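Here is the file structure.pdb (PDB, C-alpha atoms and all ligand atoms).
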ATOM      1  CA  MET R 194      73.052 138.494 118.351
ATOM      2  CA  VAL R 195      74.804 138.861 115.028
ATOM      3  CA  ALA R 196      76.247 135.634 113.722
ATOM      4  CA  GLU R 197      79.898 135.301 112.781
ATOM      5  CA  LEU R 198      80.491 134.223 109.200
ATOM      6  CA  ILE R 199      82.315 130.985 108.538
ATOM      7  CA  LYS R 200      84.129 132.152 105.425
ATOM      8  CA  GLY R 201      84.683 128.978 103.472
ATOM      9  CA  HIS R 202      86.689 130.699 100.755
ATOM     10  CA  GLU R 203      89.229 132.014 103.285
ATOM     11  CA  ILE R 204      89.598 128.657 105.031
ATOM     12  CA  ALA R 205      89.884 127.031 101.595
ATOM     13  CA  ASN R 206      92.592 129.481 100.466
ATOM     14  CA  THR R 207      94.676 128.798 103.571
ATOM     15  CA  LYS R 208      94.395 125.064 102.985
ATOM     16  CA  ARG R 209      95.288 125.436  99.293
ATOM     17  CA  GLU R 210      98.437 127.408 100.159
ATOM     18  CA  GLN R 211      99.514 124.533 102.427
ATOM     19  CA  MET R 212      98.679 122.047  99.671
ATOM     20  CA  LYS R 213     100.785 123.977  97.170
ATOM     21  CA  MET R 214     103.811 123.597  99.436
ATOM     22  CA  GLU R 215     103.057 119.919  99.942
ATOM     23  CA  VAL R 216     102.811 119.339  96.173
ATOM     24  CA  GLU R 217     106.161 121.121  95.734
ATOM     25  CA  GLN R 218     107.708 118.739  98.275
ATOM     26  CA  LEU R 219     106.185 115.732  96.530
ATOM     27  CA  SER R 220     107.444 116.867  93.133
ATOM     28  CA  LYS R 221     110.988 116.902  94.571
ATOM     29  CA  GLN R 222     110.452 113.173  95.157
ATOM     30  CA  GLY R 223     109.259 112.762  91.553
ATOM     31  CA  ILE R 224     105.566 112.548  92.467
ATOM     32  CA  VAL R 225     103.078 114.784  90.668
ATOM     33  CA  PRO R 226      99.504 114.241  91.890
ATOM     34  CA  GLY R 227      97.238 113.729  88.876
ATOM     35  CA  LEU R 228      93.477 114.197  88.643
ATOM     36  CA  VAL R 229      91.399 113.296  85.583
ATOM     37  CA  VAL R 230      87.968 114.876  85.324
ATOM     38  CA  ILE R 231      85.571 113.417  82.763
ATOM     39  CA  ILE R 232      82.549 115.339  81.582
ATOM     40  CA  LEU R 233      79.842 114.241  79.185
ATOM     41  CA  GLY R 234      77.810 116.791  77.290
ATOM     42  CA  GLU R 235      77.647 120.550  77.540
ATOM     43  CA  ASP R 236      75.479 121.369  80.553
ATOM     44  CA  PRO R 237      76.635 124.910  81.478
ATOM     45  CA  ALA R 238      76.553 124.330  85.268
ATOM     46  CA  SER R 239      78.615 121.132  84.965
ATOM     47  CA  GLN R 240      81.029 122.840  82.539
ATOM     48  CA  SER R 241      81.529 125.650  85.029
ATOM     49  CA  TYR R 242      82.127 123.181  87.919
ATOM     50  CA  VAL R 243      84.775 121.253  85.979
ATOM     51  CA  ARG R 244      86.526 124.449  84.880
ATOM     52  CA  GLY R 245      86.630 125.516  88.545
ATOM     53  CA  LYS R 246      88.169 122.172  89.511
ATOM     54  CA  GLN R 247      90.791 122.398  86.770
ATOM     55  CA  LYS R 248      91.779 125.934  87.713
ATOM     56  CA  ALA R 249      92.068 124.911  91.367
ATOM     57  CA  CYS R 250      94.328 121.977  90.404
ATOM     58  CA  GLU R 251      96.589 124.259  88.387
ATOM     59  CA  LYS R 252      96.984 126.693  91.293
ATOM     60  CA  VAL R 253      98.266 124.054  93.710
ATOM     61  CA  GLY R 254     100.383 122.205  91.134
ATOM     62  CA  ILE R 255      98.178 119.140  90.637
ATOM     63  CA  ASP R 256      98.238 117.795  87.081
ATOM     64  CA  GLY R 257      94.556 118.263  86.242
ATOM     65  CA  LYS R 258      93.338 116.768  82.956
ATOM     66  CA  LEU R 259      89.900 117.321  81.530
ATOM     67  CA  ILE R 260      88.368 114.764  79.182
ATOM     68  CA  GLU R 261      85.300 116.085  77.382
ATOM     69  CA  LEU R 262      83.069 113.490  75.763
ATOM     70  CA  PRO R 263      79.910 113.922  73.702
ATOM     71  CA  GLU R 264      76.641 113.447  75.558
ATOM     72  CA  GLU R 265      75.779 110.397  73.435
ATOM     73  CA  THR R 266      78.963 108.504  74.433
ATOM     74  CA  PRO R 267      77.956 104.864  75.073
ATOM     75  CA  GLU R 268      78.241 103.648  78.661
ATOM     76  CA  SER R 269      80.647 100.904  77.553
ATOM     77  CA  ASP R 270      83.068 103.533  76.146
ATOM     78  CA  LEU R 271      82.996 105.491  79.396
ATOM     79  CA  LEU R 272      83.584 102.334  81.443
ATOM     80  CA  GLY R 273      86.461 101.420  79.109
ATOM     81  CA  LEU R 274      88.063 104.827  79.659
ATOM     82  CA  ILE R 275      87.707 104.477  83.439
ATOM     83  CA  ASP R 276      89.348 101.055  83.230
ATOM     84  CA  GLN R 277      92.313 102.569  81.347
ATOM     85  CA  LEU R 278      92.664 105.317  83.956
ATOM     86  CA  ASN R 279      92.425 102.794  86.794
ATOM     87  CA  ASN R 280      95.582 101.250  85.315
ATOM     88  CA  ASP R 281      97.400 104.523  84.596
ATOM     89  CA  ASP R 282      99.999 105.206  87.334
ATOM     90  CA  SER R 283     100.131 108.938  86.554
ATOM     91  CA  CYS R 284      96.443 109.279  87.412
ATOM     92  CA  HIS R 285      95.738 109.328  91.161
ATOM     93  CA  GLY R 286      92.159 110.552  91.068
ATOM     94  CA  ILE R 287      89.245 109.986  88.675
ATOM     95  CA  LEU R 288      86.168 112.164  88.822
ATOM     96  CA  VAL R 289      83.200 111.742  86.521
ATOM     97  CA  GLN R 290      81.089 114.894  86.687
ATOM     98  CA  LEU R 291      77.491 114.192  87.718
ATOM     99  CA  PRO R 292      74.703 114.216  86.669
ATOM    100  CA  LEU R 293      75.198 111.799  83.786
ATOM    101  CA  PRO R 294      73.009 111.500  80.677
ATOM    102  CA  ASN R 295      70.003 109.198  81.223
ATOM    103  CA  HIS R 296      71.424 106.291  79.183
ATOM    104  CA  ILE R 297      74.362 105.898  81.580
ATOM    105  CA  SER R 298      74.048 104.243  84.987
ATOM    106  CA  GLU R 299      75.520 106.437  87.716
ATOM    107  CA  LYS R 300      75.903 103.361  89.918
ATOM    108  CA  ALA R 301      77.863 101.480  87.227
ATOM    109  CA  VAL R 302      80.195 104.449  86.720
ATOM    110  CA  ILE R 303      80.805 105.064  90.440
ATOM    111  CA  GLU R 304      81.518 101.376  91.016
ATOM    112  CA  ALA R 305      83.838 101.175  87.975
ATOM    113  CA  ILE R 306      86.227 103.725  89.462
ATOM    114  CA  SER R 307      88.907 102.023  91.537
ATOM    115  CA  PRO R 308      88.258 102.744  95.253
ATOM    116  CA  ASP R 309      91.952 103.737  95.352
ATOM    117  CA  LYS R 310      91.293 106.566  92.854
ATOM    118  CA  ASP R 311      87.792 107.493  94.014
ATOM    119  CA  VAL R 312      88.691 111.008  95.168
ATOM    120  CA  ASP R 313      85.001 111.993  95.226
ATOM    121  CA  GLY R 314      84.502 109.382  97.971
ATOM    122  CA  PHE R 315      81.342 107.994  96.340
ATOM    123  CA  HIS R 316      82.383 104.342  95.884
ATOM    124  CA  PRO R 317      80.512 101.978  98.236
ATOM    125  CA  ILE R 318      83.863 100.659  99.480
ATOM    126  CA  ASN R 319      84.956 104.140 100.572
ATOM    127  CA  ILE R 320      81.536 104.786 102.108
ATOM    128  CA  GLY R 321      81.785 101.509 104.038
ATOM    129  CA  ARG R 322      85.287 102.369 105.180
ATOM    130  CA  MET R 323      84.120 105.821 106.274
ATOM    131  CA  MET R 324      81.264 104.275 108.250
ATOM    132  CA  THR R 325      83.542 101.820 109.999
ATOM    133  CA  GLY R 326      86.218 104.427 110.745
ATOM    134  CA  GLN R 327      88.812 102.963 108.370
ATOM    135  CA  ARG R 328      91.178 104.856 106.085
ATOM    136  CA  ALA R 329      89.024 106.161 103.233
ATOM    137  CA  PHE R 330      88.541 108.957 100.758
ATOM    138  CA  LEU R 331      85.850 111.059 102.412
ATOM    139  CA  PRO R 332      83.166 112.655 100.228
ATOM    140  CA  CYS R 333      84.266 116.206  99.494
ATOM    141  CA  THR R 334      81.276 118.345 100.538
ATOM    142  CA  PRO R 335      80.707 116.589 103.907
ATOM    143  CA  PHE R 336      84.469 116.513 104.542
ATOM    144  CA  GLY R 337      84.678 120.242 103.748
ATOM    145  CA  ILE R 338      81.867 120.988 106.197
ATOM    146  CA  ILE R 339      83.640 119.192 109.046
ATOM    147  CA  GLU R 340      86.905 120.951 108.196
ATOM    148  CA  MET R 341      85.326 124.415 108.199
ATOM    149  CA  VAL R 342      83.667 123.817 111.569
ATOM    150  CA  LYS R 343      86.990 122.616 112.981
ATOM    151  CA  ALA R 344      88.827 125.572 111.439
ATOM    152  CA  LYS R 345      86.658 127.893 113.555
ATOM    153  CA  GLY R 346      87.738 125.998 116.671
ATOM    154  CA  ILE R 347      84.193 124.746 117.294
ATOM    155  CA  GLU R 348      84.047 121.609 119.431
ATOM    156  CA  ILE R 349      81.889 118.955 117.724
ATOM    157  CA  GLY R 350      81.924 116.196 120.363
ATOM    158  CA  GLY R 351      78.674 116.063 122.351
ATOM    159  CA  LYS R 352      76.879 118.564 120.086
ATOM    160  CA  HIS R 353      73.439 117.795 118.696
ATOM    161  CA  VAL R 354      73.709 118.020 114.905
ATOM    162  CA  VAL R 355      70.461 118.118 112.922
ATOM    163  CA  ILE R 356      70.736 117.570 109.192
ATOM    164  CA  ILE R 357      67.954 118.412 106.753
ATOM    165  CA  GLY R 358      68.500 116.217 103.698
ATOM    166  CA  ARG R 359      69.558 112.594 103.299
ATOM    167  CA  SER R 360      71.165 112.408  99.858
ATOM    168  CA  ASN R 361      74.024 109.986  99.299
ATOM    169  CA  ILE R 362      76.451 112.794  98.478
ATOM    170  CA  VAL R 363      75.662 115.318 101.222
ATOM    171  CA  GLY R 364      73.066 114.547 103.903
ATOM    172  CA  LYS R 365      73.841 110.934 104.798
ATOM    173  CA  PRO R 366      77.646 111.156 104.766
ATOM    174  CA  VAL R 367      77.823 114.485 106.619
ATOM    175  CA  GLY R 368      75.782 112.888 109.410
ATOM    176  CA  GLN R 369      78.195 109.964 109.525
ATOM    177  CA  LEU R 370      81.211 112.273 109.689
ATOM    178  CA  PHE R 371      79.658 114.257 112.547
ATOM    179  CA  LEU R 372      78.925 110.954 114.307
ATOM    180  CA  ASN R 373      82.564 109.931 113.813
ATOM    181  CA  GLU R 374      83.423 113.199 115.626
ATOM    182  CA  ASN R 375      81.216 112.128 118.571
ATOM    183  CA  ALA R 376      78.213 114.344 117.819
ATOM    184  CA  THR R 377      74.629 113.181 118.343
ATOM    185  CA  VAL R 378      72.972 113.201 114.937
ATOM    186  CA  THR R 379      69.356 113.593 113.800
ATOM    187  CA  TYR R 380      68.265 113.454 110.154
ATOM    188  CA  CYS R 381      65.225 115.249 108.723
ATOM    189  CA  HIS R 382      63.863 114.732 105.210
ATOM    190  CA  SER R 383      60.739 115.226 103.135
ATOM    191  CA  ARG R 384      58.773 112.704 105.241
ATOM    192  CA  THR R 385      59.739 114.204 108.607
ATOM    193  CA  THR R 386      56.538 115.359 110.308
ATOM    194  CA  ASN R 387      57.865 117.488 113.174
ATOM    195  CA  MET R 388      60.825 119.214 111.570
ATOM    196  CA  LYS R 389      60.735 122.448 113.560
ATOM    197  CA  GLU R 390      60.729 120.458 116.806
ATOM    198  CA  MET R 391      63.930 118.750 115.611
ATOM    199  CA  THR R 392      65.753 121.728 114.118
ATOM    200  CA  THR R 393      65.174 123.987 117.150
ATOM    201  CA  GLN R 394      67.120 121.456 119.227
ATOM    202  CA  ALA R 395      70.148 121.676 116.955
ATOM    203  CA  ASP R 396      73.459 123.017 118.202
ATOM    204  CA  ILE R 397      74.638 122.621 114.620
ATOM    205  CA  LEU R 398      72.034 122.773 111.840
ATOM    206  CA  VAL R 399      73.065 121.536 108.393
ATOM    207  CA  VAL R 400      70.639 122.383 105.597
ATOM    208  CA  ALA R 401      71.054 120.432 102.334
ATOM    209  CA  VAL R 402      67.708 120.541 100.577
ATOM    210  CA  GLY R 403      68.137 122.631  97.430
ATOM    211  CA  ARG R 404      65.278 125.116  97.989
ATOM    212  CA  ALA R 405      65.923 128.833  98.260
ATOM    213  CA  ASP R 406      64.821 130.460 101.537
ATOM    214  CA  PHE R 407      63.603 127.140 102.925
ATOM    215  CA  ILE R 408      64.754 127.739 106.513
ATOM    216  CA  GLY R 409      63.787 130.870 108.431
ATOM    217  CA  LYS R 410      64.735 131.909 111.956
ATOM    218  CA  GLU R 411      61.806 130.027 113.524
ATOM    219  CA  PHE R 412      63.681 126.786 112.710
ATOM    220  CA  ILE R 413      66.896 127.883 114.419
ATOM    221  CA  LYS R 414      67.805 127.636 118.099
ATOM    222  CA  PRO R 415      69.349 130.897 119.378
ATOM    223  CA  GLY R 416      73.125 130.560 119.241
ATOM    224  CA  ALA R 417      73.115 127.602 116.844
ATOM    225  CA  ILE R 418      75.742 127.091 114.153
ATOM    226  CA  VAL R 419      74.102 127.063 110.716
ATOM    227  CA  ILE R 420      75.697 125.349 107.736
ATOM    228  CA  ASP R 421      73.907 126.206 104.495
ATOM    229  CA  VAL R 422      74.823 123.689 101.797
ATOM    230  CA  GLY R 423      72.132 124.675  99.301
ATOM    231  CA  VAL R 424      73.033 126.303  96.019
ATOM    232  CA  ASN R 425      70.045 127.832  94.265
ATOM    233  CA  ARG R 426      69.940 130.299  91.409
ATOM    234  CA  LYS R 427      67.564 133.223  91.818
ATOM    235  CA  GLU R 428      65.685 134.872  88.960
ATOM    236  CA  ASP R 429      68.320 137.610  88.769
ATOM    237  CA  GLY R 430      70.960 134.909  88.215
ATOM    238  CA  LYS R 431      72.550 135.291  91.670
ATOM    239  CA  LEU R 432      73.266 132.289  93.885
ATOM    240  CA  THR R 433      71.509 131.813  97.190
ATOM    241  CA  GLY R 434      71.394 129.123  99.841
ATOM    242  CA  ASP R 435      68.550 127.216 101.508
ATOM    243  CA  VAL R 436      68.554 129.474 104.578
ATOM    244  CA  LYS R 437      67.030 132.958 104.876
ATOM    245  CA  PHE R 438      70.409 134.496 105.443
ATOM    246  CA  GLU R 439      69.494 137.883 106.969
ATOM    247  CA  GLU R 440      67.079 136.307 109.470
ATOM    248  CA  ALA R 441      69.499 133.555 110.415
ATOM    249  CA  MET R 442      72.254 136.137 110.963
ATOM    250  CA  GLU R 443      70.136 137.609 113.785
ATOM    251  CA  ILE R 444      69.790 134.377 115.732
ATOM    252  CA  ALA R 445      72.690 132.024 114.910
ATOM    253  CA  SER R 446      76.162 132.229 116.459
ATOM    254  CA  TYR R 447      77.927 131.181 113.236
ATOM    255  CA  ILE R 448      76.683 130.840 109.673
ATOM    256  CA  THR R 449      78.144 129.885 106.303
ATOM    257  CA  PRO R 450      77.335 132.312 103.475
ATOM    258  CA  VAL R 451      76.301 131.316  99.945
ATOM    259  CA  PRO R 452      78.345 131.773  97.823
ATOM    260  CA  LYS R 453      81.838 131.620  99.420
ATOM    261  CA  GLY R 454      80.800 129.143 102.102
ATOM    262  CA  VAL R 455      80.640 125.384 101.621
ATOM    263  CA  GLY R 456      81.322 125.494  97.842
ATOM    264  CA  PRO R 457      85.035 126.435  97.938
ATOM    265  CA  MET R 458      85.621 123.820 100.654
ATOM    266  CA  THR R 459      84.211 121.078  98.416
ATOM    267  CA  ILE R 460      86.810 121.698  95.695
ATOM    268  CA  THR R 461      89.529 122.042  98.316
ATOM    269  CA  MET R 462      88.794 118.610  99.749
ATOM    270  CA  LEU R 463      88.909 117.185  96.210
ATOM    271  CA  LEU R 464      92.451 118.567  95.905
ATOM    272  CA  HIS R 465      93.255 117.165  99.348
ATOM    273  CA  ASN R 466      91.997 113.692  98.355
ATOM    274  CA  THR R 467      94.004 113.757  95.122
ATOM    275  CA  ILE R 468      97.220 114.604  96.970
ATOM    276  CA  LEU R 469      96.425 111.923  99.567
ATOM    277  CA  SER R 470      95.872 109.390  96.797
ATOM    278  CA  ALA R 471      99.252 110.232  95.238
ATOM    279  CA  LYS R 472     100.904 109.784  98.642
ATOM    280  CA  TRP R 473      99.090 106.531  99.397
ATOM    281  CA  SER R 474     100.052 105.104  95.999
ATOM    282  CA  HIS R 475     103.737 105.744  96.808
ATOM    283  CA  GLN R 476     103.608 104.663 100.436
ATOM    284  CA  ALA R 477     105.652 101.542  99.773
ATOM    285  CA  GLU R 478     108.473 103.959  98.794
ATOM    286  CA  GLY R 479     108.298 105.598 102.221
ATOM    287  CA  VAL R 480     106.128 108.608 101.267
ATOM    288  CA  ASN R 481     103.825 109.575 104.160
TER     289      ASN R 481
HETATM  290  P1  LIG R 501      69.027 116.090  96.799
HETATM  291  O1  LIG R 501      69.672 114.824  96.391
HETATM  292  O2  LIG R 501      67.955 116.671  95.957
HETATM  293  O3  LIG R 501      68.475 115.901  98.284
HETATM  294  C1  LIG R 501      67.665 116.856  98.888
HETATM  295  C2  LIG R 501      67.222 116.373 100.233
HETATM  296  O4  LIG R 501      66.314 117.329 100.766
HETATM  297  C3  LIG R 501      66.471 115.031 100.190
HETATM  298  O5  LIG R 501      66.961 114.157 101.167
HETATM  299  C4  LIG R 501      65.026 115.414 100.462
HETATM  300  O6  LIG R 501      64.306 114.466 101.212
HETATM  301  C5  LIG R 501      65.197 116.663 101.310
HETATM  302  N1  LIG R 501      63.992 117.489 101.220
HETATM  303  C6  LIG R 501      63.357 117.899 100.108
HETATM  304  N2  LIG R 501      62.247 118.597 100.437
HETATM  305  C7  LIG R 501      62.208 118.613 101.785
HETATM  306  C8  LIG R 501      61.296 119.153 102.718
HETATM  307  N3  LIG R 501      60.209 119.817 102.344
HETATM  308  N4  LIG R 501      61.544 118.976 104.038
HETATM  309  C9  LIG R 501      62.658 118.303 104.439
HETATM  310  N5  LIG R 501      63.539 117.768 103.592
HETATM  311  C10 LIG R 501      63.306 117.913 102.285
HETATM  312  O7  LIG R 501      70.106 117.257  96.950
HETATM  313  P2  LIG R 501      71.671 117.192  97.358
HETATM  314  O8  LIG R 501      72.459 116.635  96.232
HETATM  315  O9  LIG R 501      71.830 116.620  98.713
HETATM  316  O10 LIG R 501      71.975 118.767  97.425
HETATM  317  C11 LIG R 501      71.280 119.609  98.315
HETATM  318  C12 LIG R 501      71.668 121.052  98.001
HETATM  319  O11 LIG R 501      73.065 121.210  98.242
HETATM  320  C13 LIG R 501      71.453 121.479  96.556
HETATM  321  O12 LIG R 501      71.100 122.857  96.532
HETATM  322  C14 LIG R 501      72.814 121.316  95.931
HETATM  323  O13 LIG R 501      73.010 122.167  94.822
HETATM  324  C15 LIG R 501      73.697 121.701  97.079
HETATM  325  N6  LIG R 501      75.057 121.145  97.015
HETATM  326  C16 LIG R 501      76.068 122.012  97.234
HETATM  327  C17 LIG R 501      77.362 121.541  97.213
HETATM  328  C18 LIG R 501      78.476 122.490  97.466
HETATM  329  O14 LIG R 501      79.618 122.145  97.259
HETATM  330  N7  LIG R 501      78.195 123.700  97.921
HETATM  331  C19 LIG R 501      77.630 120.198  96.949
HETATM  332  C20 LIG R 501      76.565 119.329  96.759
HETATM  333  C21 LIG R 501      75.261 119.815  96.801
HETATM  334  P3  LIG R 501      63.915 113.003 100.621
HETATM  335  O15 LIG R 501      65.160 112.199 100.685
HETATM  336  O16 LIG R 501      62.863 112.535 101.545
HETATM  337  O17 LIG R 501      63.435 113.247  99.217
END
How would this structure read if it were set down as structure tokens?
Amino acid sequence: MVAELIKGHEIANTKREQMKMEVEQLSKQGIVPGLVVIILGEDPASQSYVRGKQKACEKVGIDGKLIELPEETPESDLLGLIDQLNNDDSCHGILVQLPLPNHISEKAVIEAISPDKDVDGFHPINIGRMMTGQRAFLPCTPFGIIEMVKAKGIEIGGKHVVIIGRSNIVGKPVGQLFLNENATVTYCHSRTTNMKEMTTQADILVVAVGRADFIGKEFIKPGAIVIDVGVNRKEDGKLTGDVKFEEAMEIASYITPVPKGVGPMTITMLLHNTILSAKWSHQAEGVN
């Protein structure tokens, strides 16, 4: 068997074209979705992520603003800025690029962002709403994963989904979203003792660990769908996932590549959430 690629960048491009048209329609009603991205310090990976987000905003017509602050910015200043943006009607989404410098509490920052502008979907209120099936901003990477599986016409209901990783931003929420789609979900993590026994039962295997070549074909059930979330940099500077790609290609039915897999979907769902936020904030005016 040779697996079919789930080309995240192609699915993302199709979605972004649709979003561009939607933003054009909104602008005719005087609504320009606005996203403010805040970055502290000069970490090259974070700088590259925020540039990617800004470029993506520009392409679909979202007003993307970047606020660059020095690494030593006091937490109180950052919280003050978030408060201002919470009260700024032209700003529909606020994203503070993680990780933050050690002197700033990630929890305090995430909770300071209004749940109505939390387009990353990290605020506990949005997580609670997601868990209880209410209207919520869904976290972008997990949301992107669900969307790419659906875009391939793969039925999720009744499938056994095994997730390796239980972080708050990927592992845990992606499991919840699969559960919301009526899958049966199993989580594995660093304390799981019988991981291979679990993963070889997976119809859909999601790997979000952050270790290059962590999963070989012996962990994969023949015909499984493999979603590789990991982004690891090799010695030659190239990006690679958590899954041994060539091996997995021989045994899986579908697989996401790295790069051009989950990554482009993450940014796309951020754009989606920003547009949704703009629409929700104008709903009283009849915007759907
Ligand atoms: P994380 O917070 O470091 O979590 C890693 C998870 O892997 C933890 O739950 C950990 O278990 C588990 N783990 C570590 N060693 C393990 C082992 N030997 N066996 C089983 N599980 C093990 O990472 P993350 O933020 O979720 O990100 C995971 C990867 O996805 C990273 O490569 C990251 O760069 C990538 N990522 C990609 C995107 C994208 O858009 N493409 C977005 C976000 C993240 P414990 O909880 O027990 O420690």
### Query
If the PyMOL selection byres (((chain R and resi 254) around 8) and not hetatm) is run on the structure shown, which residues does it catch, given as a PyMOL selection string?
chain R and resi 213+216-217+225+250-253+255-256
#### Entry: Distance of atom CA of Lys431 of chain R from atom CA of Met458 of chain R, expressed in Å to one decimal place
19.6 Å
### Task
Let me know the residues the PyMOL selection byres (((chain R and resi 194) around 7) and not hetatm) catches in the file above, as a PyMOL selection string.
chain R and resi 195-196+443-444
### Query
What's the 9 Å shell around Ile199 of chain R, counting only C-alpha atoms, without same-chain residues fewer than 6 positions away, as number ranges by chain?
R: 341-342, 344-345, 420, 447-450, 454
### Query
Which distance in Å separates atom CA of Asn206 of chain R and atom C15 of ligand LIG 501 (chain R), to one decimal?
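So the answer is 20.7 Å.
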### Query
Could you state the separation of atom CA of Glu203 of chain R and atom CA of Met462 of chain R in Å, given to one decimal place?
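So the answer is 13.9 Å.
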Could you give me, as JSON lines, every chain R residue with an atom at most 6 Å from ligand LIG 501 (chain R), plus its closest atom pair and distance in Å to one decimal, counting only C-alpha atoms and all ligand atoms, rows ordered by chain then number?
{"residue": "R:Thr334", "atom": "CA", "partner": "R:LIG501", "partner_atom": "O14", "distance": 5.3}
{"residue": "R:Ile357", "atom": "CA", "partner": "R:LIG501", "partner_atom": "N5", "distance": 5.5}
{"residue": "R:Gly358", "atom": "CA", "partner": "R:LIG501", "partner_atom": "O5", "distance": 3.6}
{"residue": "R:Arg359", "atom": "CA", "partner": "R:LIG501", "partner_atom": "O5", "distance": 3.7}
{"residue": "R:Ser360", "atom": "CA", "partner": "R:LIG501", "partner_atom": "O9", "distance": 4.4}
{"residue": "R:Ile362", "atom": "CA", "partner": "R:LIG501", "partner_atom": "O8", "distance": 6.0}
{"residue": "R:Val363", "atom": "CA", "partner": "R:LIG501", "partner_atom": "O9", "distance": 4.8}
{"residue": "R:Gly364", "atom": "CA", "partner": "R:LIG501", "partner_atom": "O9", "distance": 5.7}
{"residue": "R:Cys381", "atom": "CA", "partner": "R:LIG501", "partner_atom": "C9", "distance": 5.9}
{"residue": "R:His382", "atom": "CA", "partner": "R:LIG501", "partner_atom": "N5", "distance": 3.5}
{"residue": "R:Ser383", "atom": "CA", "partner": "R:LIG501", "partner_atom": "O16", "distance": 3.8}
{"residue": "R:Arg384", "atom": "CA", "partner": "R:LIG501", "partner_atom": "O16", "distance": 5.5}
{"residue": "R:Ala401", "atom": "CA", "partner": "R:LIG501", "partner_atom": "C11", "distance": 4.1}
{"residue": "R:Val402", "atom": "CA", "partner": "R:LIG501", "partner_atom": "O4", "distance": 3.5}
{"residue": "R:Gly403", "atom": "CA", "partner": "R:LIG501", "partner_atom": "O12", "distance": 3.1}
{"residue": "R:Val422", "atom": "CA", "partner": "R:LIG501", "partner_atom": "O11", "distance": 4.7}
{"residue": "R:Gly423", "atom": "CA", "partner": "R:LIG501", "partner_atom": "O12", "distance": 3.5}
{"residue": "R:Val424", "atom": "CA", "partner": "R:LIG501", "partner_atom": "O12", "distance": 4.0}
{"residue": "R:Asn425", "atom": "CA", "partner": "R:LIG501", "partner_atom": "O12", "distance": 5.6}
{"residue": "R:Val455", "atom": "CA", "partner": "R:LIG501", "partner_atom": "N7", "distance": 4.7}
{"residue": "R:Gly456", "atom": "CA", "partner": "R:LIG501", "partner_atom": "N7", "distance": 3.6}
{"residue": "R:Thr459", "atom": "CA", "partner": "R:LIG501", "partner_atom": "O14", "distance": 4.9}
### Message
Quick one: residues within 8 Å of segment 292-304 of chain R, all atoms listed in the file, excluding same-chain residues fewer than 2 positions away - as a list in words?
### Response
Leu233, Gly234, Glu264, Glu265, Pro267, Glu268, Leu271, Leu272, Val289, Gln290, Ile306, Ser307, Phe315, His316 and Pro317 of chain R
Edge lengths and centre, in Å to one decimal, as JSON: that's what I need for the box along x, y and z that holds all listed atoms of segment 326-336 of chain R plus 6 Å on each side.
{"center_x": 85.9, "center_y": 110.7, "center_z": 105.1, "size_x": 22.5, "size_y": 27.4, "size_z": 23.3}
